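Engineer: One structure, as structure tokens, below. Some questions next.
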Amino acid sequence: MNMLEARGFGVSYGKVSVVRDAHLQISAGQIVAVIGPNGAGKTSLLSALIGLASAHGSIVYEGGNVADLSVEARVRRGMCLVPERRELFGDMPVEDNLRLGAFSRPRRGGEAAEDLAAVYARFPQLRERRAQLARTLSGGERQMLALGRALMARPKLLMLDEPSLGLAPRIVRDIFHVIADLRRTGVSILLVEQNARAALQIADYGYVLEMGEIVLEGPAAEVAANPRVINTYLGLAARAQ
Amino acid sequence: MNLAIALWLSQDAVTNGAIYALIALALVVVFTVTRVIFVPQGEFISYAALSLATLQSGKVPGTIYVLIGGGIIVAVLDGLAALRRRSLKSLPESTLLNIALPLAIAAAARWSASRPDDLLLQVVVTIAIVMPLGPMLYRLAFQPLANASVLVLLVIAVAAHYVLTGLGLVFFGGEGLRARMFPALQFQVGVLTISGQSIGVIVTALVLIVLLALVFGRTTYGKALRATAINRVGARLVGISSEFSGRLSFALAALIGAVSGILVAPITTIYYDTGFMISLKGFVGAIIGGMTSYPLAALGSLAVGFLESYSSFWASAFKESIVFTLIIPVLLWRSLATRRSEEEDDS
Ligand SMILES: Nc1ncnc2c1ncn2[C@@H]1O[C@H](COP(=O)(O)OP(=O)(O)O)[C@@H](O)[C@H]1O
Ligand SMILES: [Mg+2]
């Protein structure tokens, strides 16, 4: 079953079109990776899928077109974006950030408390810092908080924009571990990364986006074995970047 | 000046300062959440004070027609939007909120007008009339352009101010009204006679400020408002819609305006445009807080109260000019302080 399918999908800022005629598909329970160089339009693609940037084309999510819905309405239906800039509530404590993550869900029973405990179990560092203001966190902790806040919404489709950006290798490993683990809980994941190697390793399917166009797609192992991808994104030159 | 006069001026200063502080807090809430510099805040004060005085004279205040008319326009717009979306799910709720509720409040107003001695009922009805005007105003004037620049929003706010002041003139006329004193009590503390009105104003202001602090610090909705103020995109991504925050912040502003109006109604004669002057002084207080800091805005408003009170003693002809001239050094100081903090800002 398809979780999400975007057809004839384009994104533009005013007259400038930055993503053109993309066709993107995510099956339920899969991790789909979108890789591509800086400026290719990856962030724009995710912003438009969640409704922050203006898009044209159709976005079918769980069988219904959501292209006309507001960001909030999409979030209520289980779409969730961890943006490149994280967009945390800097002047609020860590725990309030997490609790607000559940804002879109009906507030009843102990569900939110359970989810909070689960997030703390996944990221023990956040529990230690739960009374600290979000803006005082380190880069890795901020990413954990952004992920944790998203998980509080119990997303069905989680979109991650460069979760490894600016993080130390050890933390990158942790984060990718969490992402792979999330799939086991049934969450579908759309993962955007410049770190192509790590992304294709955990993904089921991959797209390569260049200059706003999808130039290559296929099962993640095939994409990773493609000579052009090896040269541009996985080779020594790419690693030296 | 002797001690008695100084104390008396200070009492006056704190009383007025408390009102300005309430207004400043409302302005800060609205600005941080919606980026609107809320010029029409003063109209809520005028509307509430005039409605209260009118109810006390046994008549139904004209503000009820503003409420009913505004409700009808909102309901029609909601209906059209629903048709466009081809989903009528939201219609019953909109009708209830924008048509049935104003009519119910109108009925309550008639009942209250027939009981001119029931002060509590008058206060409740006054708040019930004025508070829904906040979200309605947001829905009509600001929601359609919520993403416009601060300047465009300011222009809309000025326009809304003129429309509401005009309506105030239509429904209340140019003459001033004054509400009856609340049950009078007076204390003698040394040389100073403390009036019950002053105490009432200060205590009510403090209670409202504490309540607001609790709402913002403890409740989910209060935190959602703060979240929108801190990071608009982040708030939308967790499902807090700008529309929701906008209406809620305007409802709070209208509530604060209504309470302020009720507090000043027995102290001064209120004309249809008096609220604007009061809110301008709250605005000076809010600017001292950089439009973002609640404690600084409250302290600034208190300072405005003192400046006004003492300058009315020494140079009463210039008291307004002195207060508003204060904006200039404050703006200079804030613009320097703001530039520094913007450089640090990167989350
Ligand atoms: N808000 C914006 N307004 C105008 N152009 C933008 C905006 N955001 C991104 N762009 C442009 O769109 C292109 C794609 O950017 P982006 O989506 O951030 O790419 P990526 O995430 O792959 O690095 C770039 O050329 C960038 O300059
Ligand atoms: Mg990007």
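All residue names refer to the structure tokens as shown: chains lettered A, B, ... in order, residues numbered from 1 in each chain, ligands numbered from 1 in order.
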Write out, as a tab-separated table, each residue of chain A that has an atom at most 8 Å from ligand 2, together with the closest pair of atoms and their distance in Å to one decimal, counting only C-alpha atoms and all ligand atoms, rows going by chain and rising number.

Structural biologist:
residue	atom	partner	partner_atom_place_in_ligand_line	distance
A:Asn38	CA	ligand 2	1 (Mg)	6.6
A:Gly39	CA	ligand 2	1 (Mg)	6.7
A:Ala40	CA	ligand 2	1 (Mg)	8.0
A:Gly41	CA	ligand 2	1 (Mg)	6.9
A:Lys42	CA	ligand 2	1 (Mg)	5.4
A:Thr43	CA	ligand 2	1 (Mg)	4.1
A:Ser44	CA	ligand 2	1 (Mg)	7.3
A:Glu84	CA	ligand 2	1 (Mg)	6.3
A:Asp161	CA	ligand 2	1 (Mg)	6.8
A:Glu162	CA	ligand 2	1 (Mg)	6.9

Engineer: Just write the chosen residues, C-alpha atoms, as a compact mmCIF listing (two decimals), in the first residue's frame.

Structural biologist:
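That gives us part-v4.txt:
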# COMPACT_ATOMS: atom_id res chain seq x y z
CA ASN A 38 23.40 21.19 -1.83
CA GLY A 39 20.79 23.38 -3.51
CA ALA A 40 19.17 20.51 -5.44
CA GLY A 41 15.77 21.28 -3.91
CA LYS A 42 15.55 18.60 -1.22
CA THR A 43 14.46 20.96 1.55
CA SER A 44 11.99 22.65 -0.78
CA GLU A 84 16.63 21.16 8.47
CA ASP A 161 15.57 16.79 6.52
CA GLU A 162 19.29 16.12 6.88

Engineer: Which residues are near ligand 1 in this structure, taking near to mean any atom at most 10 Å from a ligand atom and counting only C-alpha atoms and all ligand atoms? Format them as number ranges by chain.

Structural biologist: A: 11-19, 34-48, 53, 84, 161-162, 192-194, 209-212

Engineer: Could you write out the selected residues, including C-alpha atoms, as a PDB file, in the first residue's frame?

Structural biologist:
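Wrote again11.pdb, looks like this:
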ATOM      1  CA  VAL A  11       7.804  23.657  -6.023  1.00  0.00           C
ATOM      2  CA  SER A  12       8.406  27.295  -6.814  1.00  0.00           C
ATOM      3  CA  TYR A  13       9.228  30.479  -4.958  1.00  0.00           C
ATOM      4  CA  GLY A  14       7.440  33.198  -6.858  1.00  0.00           C
ATOM      5  CA  LYS A  15       8.483  32.709 -10.467  1.00  0.00           C
ATOM      6  CA  VAL A  16      11.531  30.599  -9.672  1.00  0.00           C
ATOM      7  CA  SER A  17      10.777  26.918  -9.946  1.00  0.00           C
ATOM      8  CA  VAL A  18      13.136  24.812  -7.833  1.00  0.00           C
ATOM      9  CA  VAL A  19      11.555  21.355  -8.151  1.00  0.00           C
ATOM     10  CA  VAL A  34      16.297  11.329  -1.345  1.00  0.00           C
ATOM     11  CA  ILE A  35      19.907  12.242  -1.934  1.00  0.00           C
ATOM     12  CA  GLY A  36      21.407  15.069  -3.896  1.00  0.00           C
ATOM     13  CA  PRO A  37      23.865  17.939  -3.690  1.00  0.00           C
ATOM     14  CA  ASN A  38      23.399  21.191  -1.833  1.00  0.00           C
ATOM     15  CA  GLY A  39      20.791  23.377  -3.512  1.00  0.00           C
ATOM     16  CA  ALA A  40      19.171  20.512  -5.441  1.00  0.00           C
ATOM     17  CA  GLY A  41      15.771  21.279  -3.913  1.00  0.00           C
ATOM     18  CA  LYS A  42      15.549  18.603  -1.219  1.00  0.00           C
ATOM     19  CA  THR A  43      14.462  20.965   1.553  1.00  0.00           C
ATOM     20  CA  SER A  44      11.994  22.647  -0.779  1.00  0.00           C
ATOM     21  CA  LEU A  45      10.526  19.258  -1.644  1.00  0.00           C
ATOM     22  CA  LEU A  46       9.888  18.391   2.016  1.00  0.00           C
ATOM     23  CA  SER A  47       8.585  21.872   2.854  1.00  0.00           C
ATOM     24  CA  ALA A  48       6.078  21.585   0.041  1.00  0.00           C
ATOM     25  CA  ALA A  53       6.062  25.964   0.703  1.00  0.00           C
ATOM     26  CA  GLU A  84      16.631  21.160   8.474  1.00  0.00           C
ATOM     27  CA  ASP A 161      15.570  16.790   6.517  1.00  0.00           C
ATOM     28  CA  GLU A 162      19.288  16.117   6.883  1.00  0.00           C
ATOM     29  CA  VAL A 192      16.600  13.536   2.893  1.00  0.00           C
ATOM     30  CA  GLU A 193      20.354  13.443   3.204  1.00  0.00           C
ATOM     31  CA  GLN A 194      23.605  14.700   1.776  1.00  0.00           C
ATOM     32  CA  LEU A 209      17.550  14.760  -6.983  1.00  0.00           C
ATOM     33  CA  GLU A 210      19.720  17.141  -9.001  1.00  0.00           C
ATOM     34  CA  MET A 211      18.852  20.721  -9.970  1.00  0.00           C
ATOM     35  CA  GLY A 212      15.216  20.151  -9.040  1.00  0.00           C
TER      36      GLY A 212
END

Engineer: Could you work out how far CA of Ala265 in chain B lies from CA of Ile209 in chain B, giving the answer in Å with one decimal?

Structural biologist: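 Taking CA of Ile209 in chain B and CA of Ala265 in chain B, their separation equals 19.8 Å.
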
Engineer: Looking only at strand (DSSP E or B) from DSSP on the backbone, list the matching residues of range 128-326 of chain B as a count of residues only.

Structural biologist: 10

Engineer: Determine, counting only C-alpha atoms, which protein, DNA and RNA residues have an atom within 9 Å of an atom of Ser114 in chain B; residues of the same chain fewer than 5 positions away are not included. Present the result as a PyMOL selection string.

Structural biologist: chain B and resi 55+58-59+109

Engineer: Residues of the last selection are to be written out with C-alpha atoms, as a CSV table (one decimal), in the first residue's frame.

Structural biologist:
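selection_14.csv written:
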chain,number,residue,atom,x,y,z
B,55,LEU,CA,-26.5,49.0,31.2
B,58,GLY,CA,-31.2,50.6,32.1
B,59,LYS,CA,-30.6,50.5,28.3
B,109,ALA,CA,-28.0,42.2,28.0

Engineer: Where does chain A meet chain B within 7 Å, residue by residue, with the nearest atom pair and distance in Å to one decimal for each, counting only C-alpha atoms, listed by chain and rising number, as a Markdown table?

Structural biologist:
| residue | atom | partner | partner_atom | distance |
| --- | --- | --- | --- | --- |
| A:Val71 | CA | B:Arg236 | CA | 6.5 |
| A:Glu72 | CA | B:Gly239 | CA | 4.3 |
| A:Val75 | CA | B:Gly239 | CA | 5.6 |
| A:Arg76 | CA | B:Gly239 | CA | 6.6 |
| A:Leu81 | CA | B:Leu237 | CA | 6.8 |
| A:Glu87 | CA | B:Gly234 | CA | 4.7 |
| A:Leu88 | CA | B:Gly234 | CA | 6.0 |
| A:Phe89 | CA | B:Ile230 | CA | 5.9 |
| A:Leu100 | CA | B:Val238 | CA | 6.8 |
| A:Gly101 | CA | B:Val238 | CA | 5.2 |
| A:Phe103 | CA | B:Val238 | CA | 6.3 |
| A:Ser104 | CA | B:Gly239 | CA | 5.0 |

Engineer: Excluding range 303-316 of chain B and residues on its chain fewer than 5 positions from it, collect all residues at most 9 Å away from it, counting only C-alpha atoms, and give them as a list in words.

Structural biologist: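 My reading of the contact set: Ala6, Leu9, Ser10, Asp12, Ala13, Val14, Thr15, Asn16, Gly17, Ala18, Ile19, Tyr20, Lys281, Gly282, Val284, Gly285, Ala298, Ile322, Val323 and Leu326 of chain B.
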
Engineer: Residues as selected, all heavy atoms, written as a CSV table (one decimal), in the first residue's frame, can you do that?

Structural biologist:
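Listing of out08.csv after writing:
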chain,number,residue,atom,x,y,z
B,6,ALA,N,2.5,63.8,47.7
B,6,ALA,CA,3.3,62.8,47.0
B,6,ALA,C,2.6,61.5,47.1
B,6,ALA,O,2.5,60.7,46.1
B,6,ALA,CB,4.7,62.8,47.7
B,9,LEU,N,-0.4,61.4,44.8
B,9,LEU,CA,0.0,61.3,43.4
B,9,LEU,C,0.4,59.9,43.1
B,9,LEU,O,0.2,59.3,42.1
B,9,LEU,CB,1.1,62.3,43.1
B,9,LEU,CG,0.8,63.7,43.0
B,9,LEU,CD1,2.0,64.6,42.7
B,9,LEU,CD2,-0.2,64.0,41.9
B,10,SER,N,1.1,59.3,44.1
B,10,SER,CA,1.6,57.9,43.9
B,10,SER,C,0.5,56.9,43.8
B,10,SER,O,0.5,56.0,43.0
B,10,SER,CB,2.6,57.5,45.0
B,10,SER,OG,3.7,58.4,45.1
B,12,ASP,N,-2.5,57.5,42.7
B,12,ASP,CA,-3.0,57.8,41.4
B,12,ASP,C,-2.1,57.1,40.3
B,12,ASP,O,-2.6,56.4,39.4
B,12,ASP,CB,-3.0,59.3,41.1
B,12,ASP,CG,-4.0,59.7,40.1
B,12,ASP,OD1,-5.0,59.0,40.1
B,12,ASP,OD2,-3.7,60.6,39.3
B,13,ALA,N,-0.8,57.2,40.5
B,13,ALA,CA,0.2,56.7,39.5
B,13,ALA,C,0.1,55.1,39.5
B,13,ALA,O,0.0,54.5,38.4
B,13,ALA,CB,1.6,57.1,39.9
B,14,VAL,N,0.0,54.5,40.7
B,14,VAL,CA,-0.1,53.0,40.7
B,14,VAL,C,-1.4,52.6,40.1
B,14,VAL,O,-1.5,51.6,39.3
B,14,VAL,CB,0.1,52.5,42.1
B,14,VAL,CG1,-0.1,51.0,42.1
B,14,VAL,CG2,1.5,52.9,42.6
B,15,THR,N,-2.5,53.3,40.4
B,15,THR,CA,-3.8,52.9,39.9
B,15,THR,C,-3.8,52.9,38.4
B,15,THR,O,-4.1,52.0,37.7
B,15,THR,CB,-4.9,53.8,40.4
B,15,THR,OG1,-4.7,54.0,41.8
B,15,THR,CG2,-6.2,53.3,40.1
B,16,ASN,N,-3.4,54.1,37.8
B,16,ASN,CA,-3.3,54.2,36.4
B,16,ASN,C,-2.3,53.2,35.8
B,16,ASN,O,-2.5,52.6,34.7
B,16,ASN,CB,-3.0,55.6,35.9
B,16,ASN,CG,-4.1,56.6,36.2
B,16,ASN,OD1,-5.3,56.1,36.2
B,16,ASN,ND2,-3.8,57.8,36.5
B,17,GLY,N,-1.1,53.2,36.4
B,17,GLY,CA,-0.1,52.3,35.9
B,17,GLY,C,-0.5,50.8,35.8
B,17,GLY,O,-0.2,50.1,34.9
B,18,ALA,N,-1.4,50.4,36.8
B,18,ALA,CA,-1.9,49.0,36.8
B,18,ALA,C,-2.7,48.8,35.5
B,18,ALA,O,-2.6,47.8,34.8
B,18,ALA,CB,-2.7,48.7,38.0
B,19,ILE,N,-3.5,49.8,35.2
B,19,ILE,CA,-4.3,49.7,33.9
B,19,ILE,C,-3.4,49.6,32.7
B,19,ILE,O,-3.6,48.8,31.8
B,19,ILE,CB,-5.3,50.9,33.8
B,19,ILE,CG1,-6.2,51.0,35.1
B,19,ILE,CG2,-6.1,50.8,32.5
B,19,ILE,CD1,-7.6,50.5,34.9
B,20,TYR,N,-2.5,50.6,32.7
B,20,TYR,CA,-1.5,50.6,31.5
B,20,TYR,C,-0.8,49.3,31.4
B,20,TYR,O,-0.5,48.8,30.3
B,20,TYR,CB,-0.5,51.7,31.6
B,20,TYR,CG,-1.2,53.1,31.7
B,20,TYR,CD1,-0.5,54.1,32.4
B,20,TYR,CD2,-2.4,53.3,31.2
B,20,TYR,CE1,-1.1,55.4,32.5
B,20,TYR,CE2,-3.0,54.6,31.3
B,20,TYR,CZ,-2.3,55.6,31.9
B,20,TYR,OH,-2.9,56.8,32.0
B,281,LYS,N,-0.9,54.9,26.2
B,281,LYS,CA,0.0,54.9,27.3
B,281,LYS,C,0.5,53.5,27.6
B,281,LYS,O,1.7,53.2,28.0
B,281,LYS,CB,-0.6,55.6,28.5
B,281,LYS,CG,-0.7,57.1,28.3
B,281,LYS,CD,-1.5,57.8,29.2
B,281,LYS,CE,-1.8,59.2,28.7
B,281,LYS,NZ,-3.0,59.8,29.3
B,282,GLY,N,-0.4,52.5,27.5
B,282,GLY,CA,0.0,51.1,27.6
B,282,GLY,C,1.0,50.7,26.6
B,282,GLY,O,2.0,50.0,26.8
B,284,VAL,N,3.3,52.7,25.3
B,284,VAL,CA,4.6,53.2,25.7
B,284,VAL,C,5.2,52.2,26.6
B,284,VAL,O,6.4,51.9,26.5
B,284,VAL,CB,4.5,54.6,26.3
B,284,VAL,CG1,5.8,55.1,26.8
B,284,VAL,CG2,3.9,55.6,25.4
B,285,GLY,N,4.4,51.7,27.5
B,285,GLY,CA,4.9,50.7,28.5
B,285,GLY,C,5.4,49.5,27.7
B,285,GLY,O,6.5,48.9,28.0
B,298,ALA,N,5.3,45.6,32.0
B,298,ALA,CA,4.5,45.9,33.2
B,298,ALA,C,5.2,47.0,33.9
B,298,ALA,O,4.6,48.0,34.4
B,298,ALA,CB,4.3,44.7,34.0
B,322,ILE,N,4.5,65.1,27.8
B,322,ILE,CA,5.6,64.5,28.5
B,322,ILE,C,5.7,63.0,28.4
B,322,ILE,O,6.7,62.4,28.1
B,322,ILE,CB,5.6,65.0,30.0
B,322,ILE,CG1,5.9,66.5,30.1
B,322,ILE,CG2,6.6,64.2,30.8
B,322,ILE,CD1,5.8,67.1,31.4
B,323,VAL,N,4.5,62.4,28.6
B,323,VAL,CA,4.4,60.9,28.5
B,323,VAL,C,4.8,60.4,27.1
B,323,VAL,O,5.6,59.5,27.0
B,323,VAL,CB,3.0,60.4,28.9
B,323,VAL,CG1,2.9,58.9,28.5
B,323,VAL,CG2,2.7,60.6,30.4
B,326,LEU,N,8.4,60.5,26.0
B,326,LEU,CA,9.2,59.5,26.6
B,326,LEU,C,9.5,58.4,25.5
B,326,LEU,O,10.5,57.7,25.6
B,326,LEU,CB,8.5,58.9,27.8
B,326,LEU,CG,9.1,57.7,28.5
B,326,LEU,CD1,10.4,58.2,29.2
B,326,LEU,CD2,8.2,57.1,29.5

Engineer: Neighbouring residues of Glu43 in chain B were defined as those with any atom within 7 Å, considering only C-alpha atoms; residues of the same chain fewer than 3 positions away were excluded. Please report them as a VMD selection string.

Structural biologist: chain B and resid 40 46 to 47 164 to 165 275 to 276

Engineer: Report the residues of range 17-214 of chain A whose backbone DSSP state falls under helix (DSSP H, G or I), written as a PyMOL selection string.

Structural biologist: chain A and resi 42-50+71-76+94-101+111-122+124-128+134-136+139-151+169-184+196-202

Engineer: From the set B:Ser90, B:Ser321, B:Thr32, B:Ser279, which residue has the shortest atom-to-atom contact distance to Ser249 in chain B, counting only C-alpha atoms?

Structural biologist: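 Comparing B:Ser90, B:Ser321, B:Thr32, B:Ser279 against Ser249 in chain B, the winner is B:Thr32.
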
Engineer: Measuring between only C-alpha atoms, which one of A:Leu116, A:Ala225, A:Ala146, A:Leu190 shows the shortest distance to Gln30 in chain A?

Structural biologist: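 Result for the nearest residue to Gln30 in chain A: A:Leu190.
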
Engineer: I'd like the neighbourhood of range 195-200 of chain A as a list in words, where a residue qualifies if any of its atoms comes within 7 Å (using only C-alpha atoms), though same-chain residues fewer than 2 positions away should be ignored.

Structural biologist: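 In the requested format, the answer is Ala33, Ile35, Glu193, Ile202, Ala203, Gly206, Ala220, Ala224, Tyr233 and Leu234 of chain A.
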
Engineer: Include all heavy atoms and write out the residues we just selected as a compact mmCIF listing (two decimals), in the first residue's frame.

Structural biologist:
# COMPACT_ATOMS: atom_id res chain seq x y z
N ALA A 33 14.90 7.19 0.70
CA ALA A 33 15.91 8.23 0.82
C ALA A 33 15.92 9.10 -0.42
O ALA A 33 15.76 8.61 -1.54
CB ALA A 33 17.29 7.60 1.03
N ILE A 35 18.58 11.66 -2.08
CA ILE A 35 19.91 12.24 -1.93
C ILE A 35 20.14 13.22 -3.07
O ILE A 35 19.42 13.24 -4.07
CB ILE A 35 21.01 11.16 -1.93
CG1 ILE A 35 20.98 10.38 -3.24
CG2 ILE A 35 20.85 10.23 -0.75
CD1 ILE A 35 22.15 9.42 -3.37
N GLU A 193 18.99 13.44 2.66
CA GLU A 193 20.35 13.44 3.20
C GLU A 193 21.38 13.86 2.16
O GLU A 193 21.24 13.57 0.98
CB GLU A 193 20.73 12.04 3.70
CG GLU A 193 20.54 11.81 5.18
CD GLU A 193 21.44 12.69 6.04
OE1 GLU A 193 22.45 13.20 5.55
OE2 GLU A 193 21.11 12.87 7.23
N ILE A 202 20.40 2.41 5.11
CA ILE A 202 19.20 2.00 5.86
C ILE A 202 17.94 2.09 5.02
O ILE A 202 16.89 1.62 5.44
CB ILE A 202 19.02 2.84 7.15
CG1 ILE A 202 18.84 4.32 6.81
CG2 ILE A 202 20.16 2.63 8.11
CD1 ILE A 202 18.35 5.12 8.00
N ALA A 203 18.03 2.68 3.81
CA ALA A 203 16.81 2.89 3.02
C ALA A 203 16.42 1.65 2.23
O ALA A 203 17.24 0.77 1.97
CB ALA A 203 17.00 4.07 2.08
N GLY A 206 15.54 4.55 -3.15
CA GLY A 206 16.25 5.81 -3.19
C GLY A 206 15.94 6.64 -4.42
O GLY A 206 15.63 6.10 -5.49
N ALA A 220 17.30 0.84 -2.97
CA ALA A 220 18.46 1.54 -2.42
C ALA A 220 19.78 0.88 -2.81
O ALA A 220 20.76 1.55 -3.17
CB ALA A 220 18.34 1.62 -0.90
N ALA A 224 22.79 2.60 -4.85
CA ALA A 224 24.13 2.67 -4.26
C ALA A 224 25.17 2.02 -5.16
O ALA A 224 26.36 2.33 -5.08
CB ALA A 224 24.13 2.01 -2.88
N TYR A 233 28.55 10.67 -5.31
CA TYR A 233 28.09 10.77 -3.93
C TYR A 233 28.80 9.82 -2.96
O TYR A 233 28.80 10.05 -1.77
CB TYR A 233 26.58 10.52 -3.86
CG TYR A 233 25.80 11.50 -4.68
CD1 TYR A 233 25.20 11.10 -5.86
CD2 TYR A 233 25.69 12.81 -4.26
CE1 TYR A 233 24.49 12.02 -6.63
CE2 TYR A 233 24.98 13.73 -5.01
CZ TYR A 233 24.39 13.33 -6.21
OH TYR A 233 23.71 14.23 -6.95
N LEU A 234 29.35 8.72 -3.47
CA LEU A 234 29.92 7.74 -2.55
C LEU A 234 31.43 7.61 -2.67
O LEU A 234 32.07 7.04 -1.82
CB LEU A 234 29.28 6.36 -2.77
CG LEU A 234 27.76 6.32 -2.67
CD1 LEU A 234 27.24 4.95 -3.09
CD2 LEU A 234 27.30 6.66 -1.28
